[in-house]
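Q: Sharing work.cif here; it has mmCIF, C-alpha atoms and all ligand atoms.
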data_coords
#
loop_
_atom_site.label_atom_id
_atom_site.label_comp_id
_atom_site.auth_asym_id
_atom_site.auth_seq_id
_atom_site.Cartn_x
_atom_site.Cartn_y
_atom_site.Cartn_z
CA MET K 1 89.88 142.62 118.83
CA ILE K 2 89.81 138.87 119.43
CA THR K 3 92.31 137.42 121.90
CA THR K 4 93.65 134.12 120.73
CA ARG K 5 96.22 131.74 122.19
CA PRO K 6 99.63 133.43 121.82
CA ALA K 7 101.71 132.01 119.00
CA ILE K 8 104.77 130.41 120.64
CA ALA K 9 107.51 129.01 118.41
CA ILE K 10 108.06 125.29 118.95
CA ARG K 11 111.75 125.92 119.77
CA SER K 12 111.00 128.36 122.58
CA LEU K 13 108.23 126.11 123.82
CA ARG K 14 110.73 123.34 124.50
CA ARG K 15 112.67 125.63 126.82
CA ILE K 16 109.67 126.35 129.04
CA PRO K 17 109.04 123.79 131.80
CA TYR K 18 105.58 122.28 131.33
CA HIS K 19 104.15 123.48 134.65
CA ARG K 20 105.17 127.09 133.92
CA PHE K 21 103.72 126.92 130.45
CA HIS K 22 100.53 125.42 131.78
CA SER K 23 99.95 128.06 134.41
CA SER K 24 101.04 131.08 132.39
CA VAL K 25 98.97 130.56 129.24
CA PRO K 26 95.65 132.35 129.53
CA ARG K 27 92.57 130.21 129.31
CA LEU K 28 90.56 130.94 126.19
CA THR K 29 87.12 132.37 126.31
CA THR K 30 84.78 132.84 123.39
CA ASP K 31 84.39 135.89 121.18
CA PHE K 32 80.74 136.07 122.09
CA ALA K 33 79.10 136.74 125.42
CA PHE K 34 75.76 136.85 127.17
CA VAL K 35 74.01 139.51 129.21
CA PHE K 36 71.00 138.23 131.13
CA ASP K 37 68.13 140.20 132.50
CA ILE K 38 67.10 138.92 135.98
CA ASP K 39 63.36 139.32 136.65
CA GLY K 40 61.36 137.22 134.21
CA VAL K 41 64.49 135.47 132.87
CA LEU K 42 66.32 133.89 135.84
CA ILE K 43 63.79 134.42 138.63
CA ARG K 44 60.25 135.68 139.24
CA GLY K 45 59.96 137.42 142.58
CA LYS K 46 61.47 135.00 145.08
CA LYS K 47 60.86 131.97 142.86
CA PRO K 48 63.39 130.43 140.47
CA ILE K 49 62.84 129.95 136.77
CA LEU K 50 64.01 126.36 136.71
CA GLN K 51 65.90 126.54 133.42
CA ALA K 52 68.19 129.31 134.76
CA LYS K 53 70.53 127.03 136.71
CA PRO K 54 71.30 124.60 133.83
CA ALA K 55 71.63 127.49 131.36
CA LEU K 56 74.18 129.42 133.46
CA GLU K 57 76.07 126.27 134.41
CA LEU K 58 76.40 125.38 130.74
CA LEU K 59 78.07 128.73 130.12
CA ASN K 60 80.35 128.28 133.16
CA GLN K 61 81.36 124.89 131.81
CA HIS K 62 82.27 126.33 128.40
CA LYS K 63 83.91 129.48 129.81
CA VAL K 64 81.52 131.75 127.97
CA PRO K 65 81.59 135.18 129.62
CA TYR K 66 78.29 136.46 130.95
CA ILE K 67 76.95 139.11 133.25
CA LEU K 68 73.50 140.01 134.57
CA MET K 69 71.92 143.37 133.79
CA THR K 70 68.74 144.16 135.66
CA ASN K 71 66.66 147.28 136.00
CA GLY K 72 66.08 146.20 139.60
CA GLY K 73 68.17 147.50 142.46
CA GLY K 74 67.90 149.19 145.82
CA VAL K 75 70.52 146.86 147.28
CA LEU K 76 74.25 146.33 146.87
CA GLU K 77 75.44 144.28 143.89
CA LYS K 78 76.64 141.59 146.33
CA THR K 79 73.18 141.34 147.89
CA LYS K 80 71.61 140.97 144.44
CA ALA K 81 74.17 138.33 143.43
CA ASP K 82 73.53 136.42 146.70
CA GLU K 83 69.78 136.59 146.09
CA VAL K 84 70.03 135.23 142.54
CA ASN K 85 72.49 132.53 143.67
CA GLU K 86 70.22 131.44 146.47
CA ILE K 87 67.04 131.37 144.39
CA THR K 88 68.53 129.69 141.30
CA GLY K 89 71.14 127.52 143.05
CA VAL K 90 73.68 128.15 140.25
CA VAL K 91 77.17 126.68 140.82
CA PRO K 92 79.71 128.24 140.96
CA PRO K 93 77.85 131.28 142.26
CA ILE K 94 77.57 134.52 140.30
CA SER K 95 80.09 137.16 141.42
CA PRO K 96 78.93 140.65 142.45
CA LEU K 97 81.22 141.88 139.67
CA GLN K 98 78.90 140.16 137.20
CA VAL K 99 75.92 142.21 138.35
CA VAL K 100 74.85 145.50 136.78
CA GLN K 101 71.78 146.91 138.49
CA SER K 102 69.94 149.97 137.24
CA HIS K 103 71.94 152.24 139.56
CA THR K 104 75.33 150.50 139.26
CA PRO K 105 76.67 153.11 136.76
CA ILE K 106 76.32 155.68 139.56
CA LYS K 107 79.41 153.95 141.06
CA ALA K 108 81.35 155.55 138.23
CA LEU K 109 79.74 158.93 138.91
CA ALA K 110 80.08 159.04 142.68
CA LEU K 111 83.71 160.11 142.76
CA ASN K 112 83.37 163.27 140.67
CA HIS K 113 79.74 164.31 140.81
CA GLY K 114 80.16 167.52 142.84
CA PHE K 115 77.05 166.85 144.97
CA ASN K 116 77.40 167.38 148.70
CA ARG K 117 74.03 166.16 149.88
CA VAL K 118 71.85 163.66 148.01
CA LEU K 119 68.32 162.48 148.76
CA VAL K 120 67.93 158.77 147.96
CA ILE K 121 64.54 157.27 147.17
CA GLY K 122 63.31 153.67 147.06
CA GLY K 123 64.13 150.24 148.39
CA ASP K 124 63.51 148.51 151.71
CA GLY K 125 64.59 150.03 155.02
CA ASP K 126 67.73 152.07 154.56
CA ASN K 127 69.34 149.83 151.92
CA ALA K 128 69.44 152.74 149.47
CA ARG K 129 71.50 154.76 151.95
CA THR K 130 73.96 151.85 152.19
CA VAL K 131 74.17 151.64 148.40
CA ALA K 132 74.84 155.37 147.99
CA GLY K 133 77.41 155.28 150.80
CA THR K 134 79.22 152.33 149.25
CA TYR K 135 79.32 154.17 145.91
CA GLY K 136 81.11 157.09 147.59
CA PHE K 137 78.45 159.64 148.59
CA THR K 138 78.93 161.01 152.08
CA ASP K 139 75.92 163.18 153.00
CA ILE K 140 72.94 160.95 152.20
CA ILE K 141 69.43 161.63 153.40
CA MET K 142 66.19 159.70 152.96
CA PRO K 143 62.51 160.71 153.12
CA ILE K 144 62.22 158.99 156.51
CA ASP K 145 64.80 161.44 157.96
CA ILE K 146 62.72 164.41 156.77
CA VAL K 147 59.41 162.95 158.03
CA ASN K 148 61.07 162.12 161.36
CA ALA K 149 62.19 165.74 161.70
CA ILE K 150 58.92 167.29 160.40
CA PRO K 151 56.03 164.75 160.44
CA SER K 152 53.58 167.17 158.79
CA VAL K 153 55.66 167.02 155.59
CA SER K 154 53.79 163.77 154.87
CA PRO K 155 50.66 163.60 157.00
CA HIS K 156 49.66 160.11 155.74
CA HIS K 157 53.12 158.49 155.88
CA ARG K 158 53.36 154.75 156.52
CA PHE K 159 56.44 154.70 158.77
CA THR K 160 56.08 152.97 162.15
CA ALA K 161 57.81 153.98 165.41
CA GLU K 162 60.08 151.01 164.84
CA ASP K 163 60.99 152.24 161.35
CA PHE K 164 61.93 155.66 162.73
CA ALA K 165 64.03 154.08 165.49
CA LYS K 166 65.77 151.75 163.06
CA TYR K 167 66.26 153.78 159.90
CA ALA K 168 65.85 157.53 160.49
CA LYS K 169 68.94 159.71 160.94
CA PRO K 170 68.94 163.21 162.45
CA ILE K 171 69.45 165.86 159.76
CA ASP K 172 70.57 169.44 159.60
CA LEU K 173 67.67 171.06 157.71
CA THR K 174 69.65 174.18 156.89
CA LYS K 175 71.83 172.29 154.40
CA PRO K 176 70.39 172.10 150.86
CA VAL K 177 69.87 168.87 148.90
CA ASP K 178 72.00 168.93 145.73
CA ALA K 179 70.42 166.03 143.84
CA ILE K 180 67.74 163.37 144.05
CA LEU K 181 68.71 159.78 143.27
CA VAL K 182 65.80 157.40 142.74
CA LEU K 183 67.58 154.11 143.32
CA ASN K 184 64.57 151.79 143.38
CA ASP K 185 60.76 151.66 143.42
CA PRO K 186 59.30 153.78 146.25
CA ARG K 187 57.88 151.84 149.20
CA ASP K 188 55.76 154.70 150.59
CA MET K 189 54.78 156.22 147.24
CA ASN K 190 52.72 159.03 148.77
CA THR K 191 55.57 160.33 150.94
CA ASP K 192 58.12 160.02 148.15
CA ILE K 193 55.87 161.83 145.65
CA GLN K 194 55.40 164.71 148.09
CA ILE K 195 59.03 165.11 149.13
CA VAL K 196 60.38 164.82 145.59
CA GLN K 197 57.93 167.46 144.31
CA ASP K 198 58.81 169.74 147.25
CA LEU K 199 62.49 169.60 146.36
CA LEU K 200 62.08 169.90 142.59
CA ASN K 201 60.20 173.13 143.26
CA SER K 202 62.29 174.36 146.20
CA GLN K 203 64.63 177.32 146.56
CA ASN K 204 67.90 175.61 145.51
CA GLY K 205 67.12 172.34 147.29
CA LEU K 206 66.37 173.78 150.69
CA ILE K 207 63.71 171.71 152.47
CA GLY K 208 60.60 173.76 153.37
CA THR K 209 61.13 176.48 150.74
CA ALA K 210 59.39 177.20 147.42
CA ARG K 211 61.22 178.79 144.49
CA ASN K 212 60.15 182.07 143.01
CA THR K 213 59.23 181.13 139.44
CA HIS K 214 58.86 184.64 138.06
CA HIS K 215 62.37 185.00 136.71
CA ILE K 216 62.93 181.38 135.63
CA ARG K 217 63.07 181.20 131.85
CA ASP K 218 62.74 177.46 131.45
CA LEU K 219 60.54 175.93 134.10
CA SER K 220 61.10 172.41 132.78
CA GLU K 221 64.42 172.57 134.64
CA PRO K 222 63.85 171.63 138.28
CA SER K 223 65.57 173.38 141.19
CA ILE K 224 67.88 170.38 141.66
CA PRO K 225 68.67 167.48 139.32
CA ILE K 226 66.78 164.22 139.59
CA ILE K 227 68.20 160.89 138.42
CA PHE K 228 65.82 157.97 137.89
CA SER K 229 67.72 154.71 137.91
CA ASN K 230 65.24 152.94 135.68
CA ASN K 231 62.29 153.57 133.45
CA ASP K 232 60.40 150.27 133.67
CA TYR K 233 56.75 151.02 133.79
CA LEU K 234 56.04 147.28 134.01
CA TYR K 235 58.05 144.29 135.24
CA ALA K 236 57.36 140.63 136.07
CA ASN K 237 57.26 139.14 139.56
CA ASP K 238 55.55 135.92 140.66
CA TYR K 239 52.04 137.37 140.14
CA ASN K 240 50.37 136.40 136.88
CA LEU K 241 50.05 139.99 135.59
CA PRO K 242 52.87 142.55 135.11
CA ARG K 243 53.40 144.95 138.04
CA PHE K 244 54.13 148.70 137.97
CA GLY K 245 57.80 149.54 138.42
CA GLN K 246 59.88 152.68 138.99
CA GLY K 247 58.79 154.04 135.60
CA ALA K 248 55.30 154.50 137.03
CA PHE K 249 56.79 156.75 139.73
CA ARG K 250 58.59 158.77 137.04
CA ILE K 251 55.34 159.23 135.09
CA ILE K 252 53.53 160.47 138.21
CA THR K 253 56.46 162.76 139.12
CA GLU K 254 56.55 164.27 135.62
CA LYS K 255 52.78 164.75 135.51
CA LEU K 256 52.63 166.54 138.88
CA TYR K 257 55.66 168.68 138.04
CA LYS K 258 54.07 169.65 134.72
CA MET K 259 50.82 170.67 136.42
CA THR K 260 52.55 172.57 139.23
CA ASN K 261 54.69 174.56 136.80
CA LYS K 262 52.02 174.87 134.10
CA LEU K 263 54.44 173.55 131.49
CA LYS K 264 53.48 173.77 127.83
CA LYS K 265 52.26 170.64 126.04
CA HIS K 266 55.67 169.82 124.54
CA GLN K 267 57.59 170.46 127.80
CA THR K 268 58.56 167.75 130.28
CA LEU K 269 60.45 167.76 133.55
CA GLN K 270 64.18 167.57 132.74
CA SER K 271 65.71 164.47 134.31
CA PHE K 272 68.39 161.83 133.84
CA ILE K 273 67.25 158.27 133.35
CA LEU K 274 69.56 155.31 133.74
CA GLY K 275 68.87 151.63 133.11
CA LYS K 276 67.82 149.67 130.08
CA PRO K 277 67.04 150.56 127.25
CA PHE K 278 69.42 153.54 127.39
CA LYS K 279 72.84 153.60 125.73
CA ILE K 280 74.58 154.73 128.92
CA GLN K 281 73.61 151.43 130.57
CA TYR K 282 74.61 149.25 127.62
CA ASP K 283 78.00 150.96 127.33
CA PHE K 284 78.60 150.53 131.06
CA ALA K 285 77.58 146.84 130.91
CA HIS K 286 79.85 146.33 127.90
CA HIS K 287 82.84 147.58 129.96
CA VAL K 288 81.84 145.30 132.85
CA LEU K 289 81.62 142.36 130.45
CA ILE K 290 85.11 143.06 129.08
CA ASP K 291 86.46 143.33 132.64
CA TRP K 292 84.77 140.05 133.58
CA ARG K 293 86.20 138.25 130.53
CA HIS K 294 89.63 139.47 131.56
CA LYS K 295 89.06 138.03 135.03
CA LEU K 296 87.91 134.70 133.56
CA ILE K 297 91.03 134.46 131.44
CA ASN K 298 93.35 135.34 134.30
CA ASP K 299 91.65 133.25 136.97
CA GLU K 300 90.67 136.34 138.92
CA ILE K 301 86.99 135.58 139.38
CA MET K 302 87.30 135.89 143.16
CA SER K 303 88.65 139.43 142.80
CA HIS K 304 86.67 142.34 144.26
CA HIS K 305 88.32 144.94 142.06
CA GLN K 306 86.46 146.28 139.04
CA ILE K 307 87.80 148.72 136.48
CA LEU K 308 85.18 151.45 136.30
CA PRO K 309 84.77 153.27 132.99
CA LYS K 310 83.83 156.91 132.62
CA LEU K 311 80.08 157.20 132.32
CA GLY K 312 78.77 157.55 128.79
CA VAL K 313 81.92 156.25 127.11
CA GLU K 314 81.77 153.34 124.66
CA PRO K 315 84.55 150.74 124.88
CA VAL K 316 87.24 151.66 122.34
CA GLU K 317 88.03 148.04 121.60
CA THR K 318 85.94 144.97 122.25
CA PRO K 319 86.93 141.31 122.20
CA PHE K 320 83.33 140.39 121.41
CA LYS K 321 81.94 139.86 117.95
CA LYS K 322 78.50 139.26 119.40
CA ILE K 323 76.81 140.12 122.67
CA TYR K 324 73.50 138.40 123.30
CA MET K 325 71.03 140.26 125.50
CA VAL K 326 68.52 137.77 126.88
CA GLY K 327 65.41 139.43 128.27
CA ASP K 328 61.67 139.28 128.79
CA ASN K 329 60.76 142.93 128.24
CA PRO K 330 60.70 144.20 124.63
CA ALA K 331 60.64 147.86 125.74
CA SER K 332 63.79 147.64 127.85
CA ASP K 333 65.90 144.53 127.16
CA ILE K 334 65.20 144.11 123.46
CA LYS K 335 64.98 147.77 122.45
CA GLY K 336 68.24 148.58 124.24
CA ALA K 337 70.06 145.65 122.67
CA ASN K 338 68.86 146.51 119.16
CA ASP K 339 69.70 150.19 119.57
CA ASN K 340 73.24 149.35 120.67
CA GLY K 341 74.20 146.77 118.07
CA TRP K 342 73.80 143.75 120.33
CA GLU K 343 71.85 140.62 119.45
CA SER K 344 68.52 140.34 121.23
CA VAL K 345 66.75 137.25 122.54
CA LEU K 346 63.22 137.42 123.89
CA LEU K 347 61.82 134.89 126.39
CA LYS K 348 58.25 133.98 127.24
CA THR K 349 58.89 133.60 130.97
CA GLY K 350 58.16 137.21 131.98
CA VAL K 351 56.52 140.41 130.77
CA TYR K 352 56.20 139.42 127.07
CA LYS K 353 53.16 137.43 125.98
CA ASP K 354 52.47 136.06 122.47
CA ALA K 355 49.54 138.46 122.12
CA ASP K 356 52.02 141.39 122.33
CA TYR K 357 53.94 140.39 119.19
CA ASP K 358 52.33 142.78 116.70
CA THR K 359 52.49 145.82 118.96
CA MET K 360 55.85 145.41 120.69
CA VAL K 361 58.26 148.34 120.32
CA ALA K 362 61.26 146.20 119.31
CA LYS K 363 61.52 142.71 117.87
CA PRO K 364 64.34 140.33 118.88
CA THR K 365 67.11 139.78 116.32
CA VAL K 366 67.69 136.14 117.29
CA GLY K 367 64.17 135.00 118.13
CA ILE K 368 61.63 134.22 120.81
CA PHE K 369 62.23 131.23 123.10
CA ASN K 370 60.21 129.41 125.75
CA ASN K 371 62.91 129.83 128.38
CA VAL K 372 66.52 130.78 129.02
CA GLU K 373 67.92 127.26 128.67
CA ASP K 374 66.38 126.76 125.22
CA ALA K 375 67.86 130.08 124.11
CA VAL K 376 71.35 129.40 125.47
CA ILE K 377 71.52 125.92 123.90
CA LYS K 378 70.39 127.21 120.52
CA ILE K 379 72.95 130.04 120.54
CA LEU K 380 75.82 127.82 121.72
CA GLU K 381 75.00 125.39 118.93
CA SER K 382 75.05 128.21 116.41
CA HIS K 383 78.64 128.91 117.53
CA ASN K 384 79.54 125.23 117.12
CA VAL K 385 79.86 124.67 120.86
CA LYS K 386 78.94 121.07 121.65
CA VAL K 387 76.29 120.95 124.38
O1 LIG O 1 62.15 146.37 139.58
C1 LIG O 1 62.67 145.40 138.71
C2 LIG O 1 62.25 145.62 137.33
O2 LIG O 1 62.10 146.96 137.01
C3 LIG O 1 62.96 144.91 136.23
O3 LIG O 1 63.95 143.99 136.51
O4 LIG O 1 65.57 142.23 135.97
O5 LIG O 1 63.54 142.53 134.55
O6 LIG O 1 65.36 144.22 134.47
P1 LIG O 1 64.63 143.20 135.28
MG MG O 2 62.92 141.35 133.13
#
Represent the structure of the file as structure tokens.
Ligand code: G3P
Ligand code: MG

A:
Amino acid sequence: MITTRPAIAIRSLRRIPYHRFHSSVPRLTTDFAFVFDIDGVLIRGKKPILQAKPALELLNQHKVPYILMTNGGGVLEKTKADEVNEITGVVPPISPLQVVQSHTPIKALALNHGFNRVLVIGGDGDNARTVAGTYGFTDIIMPIDIVNAIPSVSPHHRFTAEDFAKYAKPIDLTKPVDAILVLNDPRDMNTDIQIVQDLLNSQNGLIGTARNTHHIRDLSEPSIPIIFSNNDYLYANDYNLPRFGQGAFRIITEKLYKMTNKLKKHQTLQSFILGKPFKIQYDFAHHVLIDWRHKLINDEIMSHHQILPKLGVEPVETPFKKIYMVGDNPASDIKGANDNGWESVLLKTGVYKDADYDTMVAKPTVGIFNNVEDAVIKILESHNVKV
């Protein structure tokens, strides 16, 4: 569905005072939109990609709706928006409602998940606890709480006395963990590997227990569910070579689980994986994009209220004829866009290198560009927007 300026008969128009007419007619936005990846497209680590600011400001100027969709996370959407605003210097700043991180869809899950206690993994300090709490979880524990209570759980842990004092919370060890949420890349990989394996193989999520496997028919199902918020095995920061991401932690977790449970060749640990390139993420982002367009039209861009869709539900109607996913990673950004009927645009400012062209898992539908500004200008021109 495309929203156009309402048809108002000339006669009725005359009866409306100009100022009322002016303020009540929605501002038009386009029937196409952009979704930008963050790392390797707008920034690299803490450094800006210089073409990001002019590219986003061009879209602001032409009222083209856009949001950011990153497989990063471990912080609140507002923190991520502030970080991108500060590094790129874009004006006006990006709203937190324009940010979809890998774990943002969990917002829509938090109200009716049925989990009492969750273990959150990843991120700096206790940011992940803050994220889960803001999303609506109430009993949230972290590996540092468990190590604080029982240090021998992870004999080689990297936590300092200061970390324990600042971030650890006392926990009741008799209460089971109902689910594991991996919200970001582990910081103390060794501790996280150990605690996650303990719980996947525990007696119904009780810390310090081991399940009896004799009567379990399908050992690929862990004792409690595990949700990985992204699958990126590689991502781009300011180093010249790609770095391992959360996907590397998933691979290690699956491998150890498979060995521990002697799974057959074709069996893998059952888990839920969010983030690009999966449909669940693209559907969620599509809803966010529609909500943002609505806010642009109605001058509500300062609003803090977001309409959250049900997870896994495609928008019934969309005002967009084309959604352009602009990314640097063929395996996440481009594959996800292609699989979900979006246009895909690949940049050379991140993970992708020319030498990867023949072997990449998905090819961009629009093309490969040197940077985000070149891509945005080309696409705007193709829609007859004067730049
Ligand atoms: O940890 C961040 C990384 O996995 C990817 O971020 O913005 O390129 O999706 P992005
Ligand atoms: Mg990227």

Q: Please write out the residues within 10 Å of ligand LIG 1 (chain O) as a PyMOL selection string, counting all atoms listed in the file.

A: chain K and resi 36-45+68-74+100-102+123+184-185+229-237+243-247+275-277+327-329+332-333+350-351

Q: Report, in Å with one decimal, the straight-line distance from CA of Asn240 in chain K to CA of Pro54 in chain K.

A: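 Computing the Euclidean distance for CA of Asn240 in chain K and CA of Pro54 in chain K yields 24.2 Å.
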
Q: Give me the residues within 12 Å of Asp291 in chain K as an MDAnalysis selection string, counting all atoms listed in the file and dropping any in the same chain fewer than 3 places off.

A: chainID K and resid 65:67 97:98 284:288 294:298 300:301 303:309 315 318:319

Q: Please compute the CA of His103 in chain K-CA of Leu274 in chain K distance, one decimal, in Å.

A: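 Distance reported for this atom pair: 7.0 Å.
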
Q: Kindly give the distance, in Å, that separates CA of Ala331 in chain K and CA of Thr30 in chain K, rounded to a single decimal.

A: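 Here the two named atoms are 28.5 Å from each other.
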
Q: Do a neighbour search on Asp339 in chain K at 9 Å with all atoms listed in the file, toss out local chain neighbours closer than 5 positions, and write the hits as a ChimeraX atom specification.

A: /K:277-279,334

Q: Pick from K:Val345, K:Val366, K:Val385, K:Ile121: nearest to ligand MG 2 (chain O), with all atoms listed in the file counted?

A: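 Smallest distance to ligand MG 2 (chain O) is found for K:Val345.
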
Q: Given the point (50.8, 174.9, 139.7) in the coordinates of this file, which residues lie within 12 Å, counting all atoms listed in the file, and how would they look as number ranges by chain?

A: K: 197, 201, 210, 213, 219, 255-263

Q: Complete range 274-282 of chain K at the level of all heavy atoms, written as a compact mmCIF listing (two decimals), keeping the file's coordinate frame.

A:
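This went into out33.txt:
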# COMPACT_ATOMS: atom_id res chain seq x y z
N LEU K 274 68.61 156.40 133.97
CA LEU K 274 69.56 155.31 133.74
C LEU K 274 68.77 154.03 133.45
O LEU K 274 67.56 154.02 133.43
CB LEU K 274 70.43 155.10 134.99
CG LEU K 274 71.34 156.24 135.41
CD1 LEU K 274 71.97 155.94 136.76
CD2 LEU K 274 72.43 156.45 134.35
N GLY K 275 69.51 152.94 133.29
CA GLY K 275 68.87 151.63 133.11
C GLY K 275 68.64 151.31 131.65
O GLY K 275 68.85 152.12 130.76
N LYS K 276 68.20 150.07 131.42
CA LYS K 276 67.82 149.67 130.08
C LYS K 276 66.56 150.44 129.69
O LYS K 276 65.73 150.68 130.56
CB LYS K 276 67.50 148.14 130.07
CG LYS K 276 68.67 147.28 130.44
CD LYS K 276 68.25 145.83 130.62
CE LYS K 276 67.52 145.59 131.92
NZ LYS K 276 67.15 144.19 132.18
N PRO K 277 66.32 150.88 128.49
CA PRO K 277 67.04 150.56 127.25
C PRO K 277 68.10 151.60 126.85
O PRO K 277 68.47 151.67 125.69
CB PRO K 277 65.91 150.61 126.23
CG PRO K 277 65.03 151.73 126.70
CD PRO K 277 65.11 151.67 128.22
N PHE K 278 68.59 152.40 127.79
CA PHE K 278 69.42 153.54 127.39
C PHE K 278 70.88 153.15 127.13
O PHE K 278 71.44 152.27 127.78
CB PHE K 278 69.31 154.65 128.43
CG PHE K 278 67.89 155.10 128.60
CD1 PHE K 278 67.19 154.81 129.76
CD2 PHE K 278 67.23 155.75 127.57
CE1 PHE K 278 65.86 155.19 129.90
CE2 PHE K 278 65.89 156.12 127.69
CZ PHE K 278 65.21 155.84 128.86
N LYS K 279 71.48 153.88 126.19
CA LYS K 279 72.84 153.60 125.73
C LYS K 279 73.84 153.63 126.89
O LYS K 279 74.75 152.82 126.96
CB LYS K 279 73.21 154.63 124.66
CG LYS K 279 74.61 154.47 124.11
CD LYS K 279 74.81 155.32 122.87
CE LYS K 279 76.27 155.40 122.45
NZ LYS K 279 76.98 154.14 122.41
N ILE K 280 73.64 154.58 127.81
CA ILE K 280 74.58 154.73 128.92
C ILE K 280 74.72 153.41 129.69
O ILE K 280 75.81 153.02 130.11
CB ILE K 280 74.13 155.89 129.84
CG1 ILE K 280 75.23 156.34 130.77
CG2 ILE K 280 72.88 155.58 130.61
CD1 ILE K 280 74.96 157.69 131.44
N GLN K 281 73.61 152.69 129.82
CA GLN K 281 73.61 151.43 130.57
C GLN K 281 74.30 150.32 129.77
O GLN K 281 75.06 149.51 130.32
CB GLN K 281 72.15 151.03 130.84
CG GLN K 281 71.97 150.13 132.05
CD GLN K 281 72.10 150.91 133.34
OE1 GLN K 281 72.18 152.13 133.31
NE2 GLN K 281 72.13 150.24 134.47
N TYR K 282 74.03 150.29 128.46
CA TYR K 282 74.61 149.25 127.62
C TYR K 282 76.13 149.45 127.49
O TYR K 282 76.89 148.49 127.49
CB TYR K 282 73.90 149.20 126.26
CG TYR K 282 72.56 148.50 126.38
CD1 TYR K 282 71.47 149.15 126.96
CD2 TYR K 282 72.39 147.18 126.00
CE1 TYR K 282 70.25 148.52 127.12
CE2 TYR K 282 71.18 146.52 126.16
CZ TYR K 282 70.11 147.20 126.73
OH TYR K 282 68.91 146.55 126.91
